[in-house]
>>> print(open('structure_21.cif').read())   # mmCIF, C-alpha atoms
data_query
#
loop_
_atom_site.label_atom_id
_atom_site.label_comp_id
_atom_site.auth_asym_id
_atom_site.auth_seq_id
_atom_site.Cartn_x
_atom_site.Cartn_y
_atom_site.Cartn_z
CA GLY A 94 -18.30 22.09 -9.89
CA GLN A 95 -19.87 18.93 -11.17
CA ASN A 96 -23.01 17.17 -10.07
CA ILE A 97 -23.44 13.50 -11.02
CA ASP A 98 -26.53 11.51 -10.21
CA GLN A 99 -27.16 7.79 -10.54
CA PRO A 100 -29.55 5.39 -8.79
CA THR A 101 -28.27 3.89 -5.57
CA GLU A 102 -29.38 0.33 -6.18
CA MET A 103 -30.97 -1.83 -8.87
CA THR A 104 -31.95 -5.47 -9.04
CA ALA A 105 -32.36 -7.65 -12.11
CA THR A 106 -32.74 -11.27 -13.10
CA GLU A 107 -30.08 -13.45 -14.66
CA GLY A 108 -30.37 -13.40 -18.45
CA ALA A 109 -32.26 -10.10 -18.52
CA ILE A 110 -31.22 -6.62 -19.72
CA VAL A 111 -30.65 -3.73 -17.34
CA GLN A 112 -30.03 -0.05 -17.99
CA ILE A 113 -28.17 2.07 -15.44
CA ASN A 114 -28.67 5.79 -15.91
CA CYS A 115 -26.35 8.64 -15.09
CA THR A 116 -27.19 12.33 -15.31
CA TYR A 117 -24.65 15.07 -14.87
CA GLN A 118 -24.35 18.83 -14.68
CA THR A 119 -21.00 20.30 -15.50
CA SER A 120 -19.45 23.18 -17.37
CA GLY A 121 -16.89 22.33 -20.01
CA PHE A 122 -17.93 18.68 -20.31
CA ASN A 123 -15.26 16.61 -21.93
CA GLY A 124 -16.00 12.90 -21.51
CA LEU A 125 -17.75 10.24 -19.46
CA PHE A 126 -16.41 6.99 -18.04
CA TRP A 127 -18.13 3.89 -16.71
CA TYR A 128 -16.32 1.68 -14.22
CA GLN A 129 -17.28 -1.63 -12.62
CA GLN A 130 -16.36 -2.39 -9.03
CA HIS A 131 -16.89 -5.75 -7.34
CA ALA A 132 -17.13 -5.75 -3.57
CA GLY A 133 -13.73 -5.35 -1.95
CA GLU A 134 -11.97 -4.86 -5.27
CA ALA A 135 -10.63 -1.98 -7.35
CA PRO A 136 -12.81 -0.25 -9.95
CA THR A 137 -12.07 -1.47 -13.48
CA PHE A 138 -12.60 0.46 -16.69
CA LEU A 139 -15.64 -0.42 -18.82
CA SER A 140 -16.16 2.39 -21.32
CA TYR A 141 -15.46 5.97 -22.31
CA ASN A 142 -17.83 8.23 -24.29
CA VAL A 143 -16.91 11.63 -25.65
CA LEU A 144 -19.32 11.90 -28.59
CA ASP A 145 -23.08 11.41 -28.65
CA GLY A 146 -24.32 7.95 -29.41
CA LEU A 147 -23.96 4.34 -28.45
CA GLU A 148 -20.68 2.51 -27.95
CA GLU A 149 -21.04 -1.25 -27.92
CA LYS A 150 -18.55 -3.63 -26.37
CA GLY A 151 -19.75 -7.18 -26.11
CA ARG A 152 -22.58 -7.52 -23.59
CA PHE A 153 -22.01 -3.95 -22.38
CA SER A 154 -22.97 -0.76 -24.21
CA SER A 155 -22.73 2.86 -23.14
CA PHE A 156 -24.76 5.77 -24.48
CA LEU A 157 -24.16 9.50 -24.24
CA SER A 158 -26.31 12.56 -24.94
CA ARG A 159 -24.29 15.70 -24.27
CA SER A 160 -27.22 18.04 -24.86
CA LYS A 161 -29.24 16.25 -22.18
CA GLY A 162 -26.38 15.65 -19.76
CA TYR A 163 -27.29 11.98 -19.78
CA SER A 164 -25.63 8.63 -20.16
CA TYR A 165 -26.62 5.04 -19.61
CA LEU A 166 -24.84 1.73 -19.30
CA LEU A 167 -26.71 -1.19 -20.84
CA LEU A 168 -25.93 -4.70 -19.69
CA LYS A 169 -27.36 -7.57 -21.74
CA GLU A 170 -27.67 -11.29 -20.97
CA LEU A 171 -27.01 -10.60 -17.32
CA GLN A 172 -24.84 -13.04 -15.42
CA MET A 173 -24.49 -13.49 -11.68
CA LYS A 174 -20.93 -12.16 -11.91
CA ASP A 175 -22.33 -8.82 -13.11
CA SER A 176 -23.44 -8.13 -9.55
CA ALA A 177 -21.25 -5.15 -8.70
CA SER A 178 -21.23 -1.42 -8.27
CA TYR A 179 -21.20 0.66 -11.47
CA LEU A 180 -19.57 4.06 -11.30
CA CYS A 181 -20.22 6.94 -13.67
CA ALA A 182 -17.44 9.55 -13.88
CA VAL A 183 -17.25 12.82 -15.81
CA THR A 184 -14.27 14.85 -16.94
CA ALA A 185 -14.36 18.54 -17.67
CA THR A 186 -11.93 21.01 -19.18
CA GLY A 187 -12.02 23.12 -16.04
CA GLY A 188 -11.04 20.23 -13.82
CA SER A 189 -7.67 19.30 -15.26
CA TYR A 190 -9.40 16.34 -16.95
CA ILE A 191 -9.59 14.52 -13.63
CA PRO A 192 -12.73 12.38 -13.45
CA THR A 193 -15.33 13.23 -10.84
CA PHE A 194 -17.20 10.11 -9.78
CA GLY A 195 -20.86 9.60 -9.00
CA ARG A 196 -21.79 7.63 -5.90
CA GLY A 197 -22.22 4.42 -7.85
CA THR A 198 -25.13 2.09 -8.55
CA SER A 199 -25.14 -1.25 -6.78
CA LEU A 200 -26.54 -3.88 -9.16
CA ILE A 201 -27.81 -7.13 -7.71
CA VAL A 202 -28.41 -9.96 -10.17
CA HIS A 203 -30.51 -12.83 -8.86
CA PRO A 204 -31.30 -16.20 -10.39
CA ASP B 679 -1.21 -4.85 -18.16
CA VAL B 680 -1.03 -1.78 -16.01
CA LYS B 681 -0.37 -2.57 -12.42
CA VAL B 682 -1.00 -0.23 -9.51
CA THR B 683 0.15 -1.77 -6.25
CA GLN B 684 -0.82 -0.61 -2.80
CA SER B 685 1.52 -2.06 -0.23
CA SER B 686 -0.97 -2.53 2.59
CA ARG B 687 -4.42 -4.02 2.09
CA TYR B 688 -5.59 -3.88 5.71
CA LEU B 689 -4.33 -1.65 8.50
CA VAL B 690 -5.47 -0.90 12.02
CA LYS B 691 -4.00 2.22 13.61
CA ARG B 692 -4.56 4.15 16.80
CA THR B 693 -5.85 7.69 16.98
CA GLY B 694 -2.97 10.13 16.72
CA GLU B 695 -0.61 7.75 14.92
CA LYS B 696 1.17 8.78 11.75
CA VAL B 697 0.10 6.57 8.87
CA PHE B 698 1.77 6.01 5.52
CA LEU B 699 -0.05 4.47 2.58
CA GLU B 700 2.26 3.55 -0.28
CA CYS B 701 1.41 3.17 -3.94
CA VAL B 702 3.55 2.13 -6.88
CA GLN B 703 2.63 1.97 -10.59
CA ASP B 704 4.64 0.26 -13.29
CA MET B 705 3.41 1.97 -16.48
CA ASP B 706 5.37 5.22 -16.38
CA HIS B 707 2.18 7.23 -15.86
CA GLU B 708 2.55 10.93 -15.17
CA ASN B 709 -0.63 11.29 -13.12
CA MET B 710 -1.24 9.63 -9.78
CA PHE B 711 -4.22 10.00 -7.45
CA TRP B 712 -5.44 9.17 -3.99
CA TYR B 713 -9.15 8.69 -3.41
CA ARG B 714 -11.13 7.56 -0.41
CA GLN B 715 -14.31 5.57 -0.79
CA ASP B 716 -17.06 5.54 1.81
CA PRO B 717 -20.54 3.95 1.68
CA GLY B 718 -23.07 6.37 0.27
CA LEU B 719 -20.43 8.96 -0.59
CA GLY B 720 -18.65 7.31 -3.50
CA LEU B 721 -15.11 8.08 -4.54
CA ARG B 722 -13.71 11.40 -3.35
CA LEU B 723 -10.41 12.82 -4.52
CA ILE B 724 -7.92 13.63 -1.75
CA TYR B 725 -4.81 14.66 -3.69
CA PHE B 726 -3.35 14.17 -7.11
CA SER B 727 0.05 14.61 -8.70
CA TYR B 728 0.85 15.25 -12.35
CA ASP B 729 4.62 15.04 -12.03
CA VAL B 730 7.41 14.23 -9.63
CA LYS B 731 7.40 16.57 -6.63
CA MET B 732 4.17 18.18 -7.88
CA LYS B 733 0.92 17.86 -5.97
CA GLU B 734 -2.53 19.39 -6.10
CA LYS B 735 -5.32 19.31 -3.55
CA GLY B 736 -8.44 17.42 -4.44
CA ASP B 737 -11.87 17.78 -2.88
CA ILE B 738 -11.05 16.61 0.65
CA PRO B 739 -7.35 17.25 1.43
CA GLU B 740 -7.79 18.21 5.08
CA GLY B 741 -5.90 15.89 7.42
CA TYR B 742 -3.79 14.42 4.62
CA SER B 743 -0.54 15.13 2.85
CA VAL B 744 1.24 13.40 -0.02
CA SER B 745 4.72 12.78 -1.33
CA ARG B 746 5.93 12.04 -4.84
CA GLU B 747 9.70 11.75 -4.89
CA LYS B 748 9.79 9.29 -7.79
CA LYS B 749 7.53 9.03 -10.80
CA GLU B 750 6.33 5.54 -9.97
CA ARG B 751 5.57 6.11 -6.28
CA PHE B 752 2.89 8.23 -4.61
CA SER B 753 2.48 8.16 -0.84
CA LEU B 754 -0.48 9.29 1.23
CA ILE B 755 0.31 10.47 4.75
CA LEU B 756 -2.05 10.89 7.66
CA GLU B 757 -0.06 13.05 10.08
CA SER B 758 -2.30 12.27 13.03
CA ALA B 759 -4.92 9.64 12.29
CA SER B 760 -8.45 10.20 13.49
CA THR B 761 -11.44 7.87 13.62
CA ASN B 762 -13.18 9.78 10.82
CA GLN B 763 -10.38 8.73 8.52
CA THR B 764 -11.44 5.12 8.77
CA SER B 765 -12.12 4.29 5.14
CA MET B 766 -11.02 2.48 2.02
CA TYR B 767 -8.23 4.32 0.22
CA LEU B 768 -7.68 3.86 -3.49
CA CYS B 769 -4.58 4.85 -5.38
CA ALA B 770 -4.78 5.34 -9.15
CA SER B 771 -2.68 6.42 -12.09
CA SER B 772 -3.14 7.61 -15.66
CA LEU B 773 -1.30 9.07 -18.59
CA THR B 774 -1.43 12.81 -19.03
CA GLY B 775 -2.50 14.78 -22.07
CA GLY B 776 -6.26 14.78 -22.20
CA SER B 777 -9.53 13.60 -20.82
CA GLY B 778 -9.69 10.20 -22.46
CA ASN B 779 -6.92 8.65 -20.50
CA THR B 780 -8.20 5.78 -18.41
CA ILE B 781 -7.55 5.84 -14.69
CA TYR B 782 -6.19 2.54 -13.37
CA PHE B 783 -6.83 1.72 -9.74
CA GLY B 784 -4.96 -0.26 -7.14
CA GLU B 785 -6.67 -2.91 -5.02
CA GLY B 786 -7.36 -0.53 -2.17
CA SER B 787 -6.18 -0.15 1.42
CA TRP B 788 -8.71 -0.63 4.20
CA LEU B 789 -7.74 1.59 7.11
CA THR B 790 -9.38 1.36 10.51
CA VAL B 791 -8.49 4.00 13.10
CA VAL B 792 -9.40 3.06 16.66
#
>>> encode(input="structure_21.cif", output="structure tokens")
Amino acid sequence: GQNIDQPTEMTATEGAIVQINCTYQTSGFNGLFWYQQHAGEAPTFLSYNVLDGLEEKGRFSSFLSRSKGYSYLLLKELQMKDSASYLCAVTATGGSYIPTFGRGTSLIVHP
Amino acid sequence: DVKVTQSSRYLVKRTGEKVFLECVQDMDHENMFWYRQDPGLGLRLIYFSYDVKMKEKGDIPEGYSVSREKKERFSLILESASTNQTSMYLCASSLTGGSGNTIYFGEGSWLTVV
């Protein structure tokens, strides 16, 4: 099985930087996704990491360390619209490559 | 753009009713999924299908069944709805062939069983 852990809730100020961590335990790790979900809406894809290191995409970056079972999502220049839930999901070779999702981190951005 | 469409956004059903949740995707994806999402529990996989007429149980299949008669359509069936099935249901689809294939989600169906 897979165990994915991320903080339940975080708050940050508009314009700041926030880092959302995700730790996982799985056998046959294959890749890690980050999704964003606004309240009442569908999750939307943000990033996918399969190799160690940092992937940068505009204001959002995602980091992976396979040896540590650790990832983070970095959000820069926070905007009010970034208030959402952020879901970490892991795929493994033993799980038919179907992502298993963490419980999500609710990020609240305030002025 | 990939589009995954769930036919019903909000439903209210009575205990014991049979409930159908329909999902259609327009990108010729092989894989389709049904998840439920509950506060504090995150997304949990109910069933998935990797081909027409094929289905596999996910983590919480009890009380549910599915149907995939056509590649683009994946239906979730609650044979006899119960109050503990009140939840938000998310349909999703993806290409097959490896772990890097993004899952695309529908808008979600909010089901209340009274």
>>> interface_residues(input="structure_21.cif", of="chain B", to="chain A", cutoff="10 Å", atoms="all atoms listed in the file", output="ChimeraX atom specification")
/B:709,711,715-723,726,728,736-737,766,768-770,772,774-788
>>> write_last_selection(input="structure_21.cif", atoms="C-alpha atoms", output="short mmCIF file (atom, residue, chain, number, x, y, z; two decimals), in the frame of the given file")
data_model
loop_
_atom_site.label_atom_id
_atom_site.label_comp_id
_atom_site.auth_asym_id
_atom_site.auth_seq_id
_atom_site.Cartn_x
_atom_site.Cartn_y
_atom_site.Cartn_z
CA ASN B 709 -0.63 11.29 -13.12
CA PHE B 711 -4.22 10.00 -7.45
CA GLN B 715 -14.31 5.57 -0.79
CA ASP B 716 -17.06 5.54 1.81
CA PRO B 717 -20.54 3.95 1.68
CA GLY B 718 -23.07 6.37 0.27
CA LEU B 719 -20.43 8.96 -0.59
CA GLY B 720 -18.65 7.31 -3.50
CA LEU B 721 -15.11 8.08 -4.54
CA ARG B 722 -13.71 11.40 -3.35
CA LEU B 723 -10.41 12.82 -4.52
CA PHE B 726 -3.35 14.17 -7.11
CA TYR B 728 0.85 15.25 -12.35
CA GLY B 736 -8.44 17.42 -4.44
CA ASP B 737 -11.87 17.78 -2.88
CA MET B 766 -11.02 2.48 2.02
CA LEU B 768 -7.68 3.86 -3.49
CA CYS B 769 -4.58 4.85 -5.38
CA ALA B 770 -4.78 5.34 -9.15
CA SER B 772 -3.14 7.61 -15.66
CA THR B 774 -1.43 12.81 -19.03
CA GLY B 775 -2.50 14.78 -22.07
CA GLY B 776 -6.26 14.78 -22.20
CA SER B 777 -9.53 13.60 -20.82
CA GLY B 778 -9.69 10.20 -22.46
CA ASN B 779 -6.92 8.65 -20.50
CA THR B 780 -8.20 5.78 -18.41
CA ILE B 781 -7.55 5.84 -14.69
CA TYR B 782 -6.19 2.54 -13.37
CA PHE B 783 -6.83 1.72 -9.74
CA GLY B 784 -4.96 -0.26 -7.14
CA GLU B 785 -6.67 -2.91 -5.02
CA GLY B 786 -7.36 -0.53 -2.17
CA SER B 787 -6.18 -0.15 1.42
CA TRP B 788 -8.71 -0.63 4.20
#
>>> resolve_selection(input="structure_21.cif", expression="the PyMOL selection byres ((chain B and resi 733) around 12)", output="PyMOL selection string")
chain B and resi 708-712+724-732+734-736+739+743-747+752-754
>>> write_last_selection(input="structure_21.cif", atoms="C-alpha atoms", output="mmCIF file, keeping the file's coordinate frame")
data_model
loop_
_atom_site.group_PDB
_atom_site.id
_atom_site.type_symbol
_atom_site.label_atom_id
_atom_site.label_comp_id
_atom_site.auth_asym_id
_atom_site.auth_seq_id
_atom_site.Cartn_x
_atom_site.Cartn_y
_atom_site.Cartn_z
ATOM 1 C CA GLU B 708 2.550 10.930 -15.170
ATOM 2 C CA ASN B 709 -0.630 11.290 -13.120
ATOM 3 C CA MET B 710 -1.240 9.630 -9.780
ATOM 4 C CA PHE B 711 -4.220 10.000 -7.450
ATOM 5 C CA TRP B 712 -5.440 9.170 -3.990
ATOM 6 C CA ILE B 724 -7.920 13.630 -1.750
ATOM 7 C CA TYR B 725 -4.810 14.660 -3.690
ATOM 8 C CA PHE B 726 -3.350 14.170 -7.110
ATOM 9 C CA SER B 727 0.050 14.610 -8.700
ATOM 10 C CA TYR B 728 0.850 15.250 -12.350
ATOM 11 C CA ASP B 729 4.620 15.040 -12.030
ATOM 12 C CA VAL B 730 7.410 14.230 -9.630
ATOM 13 C CA LYS B 731 7.400 16.570 -6.630
ATOM 14 C CA MET B 732 4.170 18.180 -7.880
ATOM 15 C CA GLU B 734 -2.530 19.390 -6.100
ATOM 16 C CA LYS B 735 -5.320 19.310 -3.550
ATOM 17 C CA GLY B 736 -8.440 17.420 -4.440
ATOM 18 C CA PRO B 739 -7.350 17.250 1.430
ATOM 19 C CA SER B 743 -0.540 15.130 2.850
ATOM 20 C CA VAL B 744 1.240 13.400 -0.020
ATOM 21 C CA SER B 745 4.720 12.780 -1.330
ATOM 22 C CA ARG B 746 5.930 12.040 -4.840
ATOM 23 C CA GLU B 747 9.700 11.750 -4.890
ATOM 24 C CA PHE B 752 2.890 8.230 -4.610
ATOM 25 C CA SER B 753 2.480 8.160 -0.840
ATOM 26 C CA LEU B 754 -0.480 9.290 1.230
#
>>> closest_residue(input="structure_21.cif", among="A:Glu170, A:Asp98, A:Glu149, A:Asp175", to="A:Ile110", atoms="only C-alpha atoms")
A:Glu170
>>> closest_residue(input="structure_21.cif", among="B:Ile738, B:Thr790, B:His707, B:Leu773", to="B:Glu750", atoms="only C-alpha atoms")
B:His707
>>> resolve_selection(input="structure_21.cif", expression="the PyMOL selection byres ((chain A and resi 151) around 12)", output="PyMOL selection string")
chain A and resi 139-140+148-150+152-155+167-171
>>> write_last_selection(input="structure_21.cif", atoms="C-alpha atoms", output="short mmCIF file (atom, residue, chain, number, x, y, z; two decimals), keeping the file's coordinate frame")
data_model
loop_
_atom_site.label_atom_id
_atom_site.label_comp_id
_atom_site.auth_asym_id
_atom_site.auth_seq_id
_atom_site.Cartn_x
_atom_site.Cartn_y
_atom_site.Cartn_z
CA LEU A 139 -15.64 -0.42 -18.82
CA SER A 140 -16.16 2.39 -21.32
CA GLU A 148 -20.68 2.51 -27.95
CA GLU A 149 -21.04 -1.25 -27.92
CA LYS A 150 -18.55 -3.63 -26.37
CA ARG A 152 -22.58 -7.52 -23.59
CA PHE A 153 -22.01 -3.95 -22.38
CA SER A 154 -22.97 -0.76 -24.21
CA SER A 155 -22.73 2.86 -23.14
CA LEU A 167 -26.71 -1.19 -20.84
CA LEU A 168 -25.93 -4.70 -19.69
CA LYS A 169 -27.36 -7.57 -21.74
CA GLU A 170 -27.67 -11.29 -20.97
CA LEU A 171 -27.01 -10.60 -17.32
#
>>> resolve_selection(input="structure_21.cif", expression="the PyMOL selection byres ((chain B and resi 686-703) around 6)", output="list in words")
Lys681, Val682, Thr683, Gln684, Ser685, Asp704, Met705, Glu750, Arg751, Phe752, Ser753, Leu754, Ile755, Leu756, Glu757, Ser758, Ala759, Ser760, Ser787, Trp788, Leu789, Thr790, Val791 and Val792 of chain B
>>> atom_distance(input="structure_21.cif", atom1="atom CA of A:Gln172", atom2="atom CA of B:Tyr713")
29.4 Å
>>> atom_distance(input="structure_21.cif", atom1="atom CA of A:Gln118", atom2="atom CA of A:Leu147")
20.0 Å
>>> atom_distance(input="structure_21.cif", atom1="atom CA of A:Cys181", atom2="atom CA of A:Ala109")
21.4 Å
>>> closest_residue(input="structure_21.cif", among="A:Ser120, A:Thr104, A:Gln129, A:Ser160", to="A:Leu200", atoms="all atoms listed in the file")
A:Thr104
>>> closest_residue(input="structure_21.cif", among="A:Ala105, A:Leu157, A:Leu144, A:Leu166", to="A:Val202", atoms="all atoms listed in the file")
A:Ala105
>>> decode(input="structure_21.cif", residues="stretch 714-726 of chain B", atoms="N, CA and C atoms", output="compact mmCIF listing (two decimals), in the first residue's frame")
# COMPACT_ATOMS: atom_id res chain seq x y z
N ARG B 714 -14.60 9.11 -4.82
CA ARG B 714 -15.43 9.94 -3.97
C ARG B 714 -14.51 10.78 -3.09
N GLN B 715 -15.00 11.96 -2.76
CA GLN B 715 -14.19 12.90 -1.99
C GLN B 715 -14.97 13.36 -0.78
N ASP B 716 -14.43 13.13 0.39
CA ASP B 716 -15.08 13.49 1.64
C ASP B 716 -14.12 14.33 2.48
N PRO B 717 -14.66 15.30 3.23
CA PRO B 717 -13.80 16.15 4.08
C PRO B 717 -12.94 15.32 5.02
N GLY B 718 -11.65 15.62 5.03
CA GLY B 718 -10.75 14.92 5.93
C GLY B 718 -10.27 13.56 5.43
N LEU B 719 -10.90 13.06 4.38
CA LEU B 719 -10.52 11.74 3.86
C LEU B 719 -9.88 11.81 2.49
N GLY B 720 -10.01 12.93 1.82
CA GLY B 720 -9.39 13.08 0.51
C GLY B 720 -10.13 12.29 -0.57
N LEU B 721 -9.42 12.06 -1.65
CA LEU B 721 -9.96 11.32 -2.79
C LEU B 721 -9.72 9.82 -2.59
N ARG B 722 -10.80 9.06 -2.71
CA ARG B 722 -10.66 7.60 -2.59
C ARG B 722 -11.23 6.93 -3.83
N LEU B 723 -10.47 5.99 -4.35
CA LEU B 723 -10.83 5.33 -5.61
C LEU B 723 -11.90 4.27 -5.37
N ILE B 724 -12.99 4.35 -6.13
CA ILE B 724 -14.08 3.38 -6.00
C ILE B 724 -13.87 2.25 -7.01
N TYR B 725 -13.83 2.61 -8.27
CA TYR B 725 -13.61 1.65 -9.35
C TYR B 725 -12.83 2.34 -10.46
N PHE B 726 -12.15 1.54 -11.26
CA PHE B 726 -11.58 2.08 -12.48
C PHE B 726 -11.75 1.07 -13.61
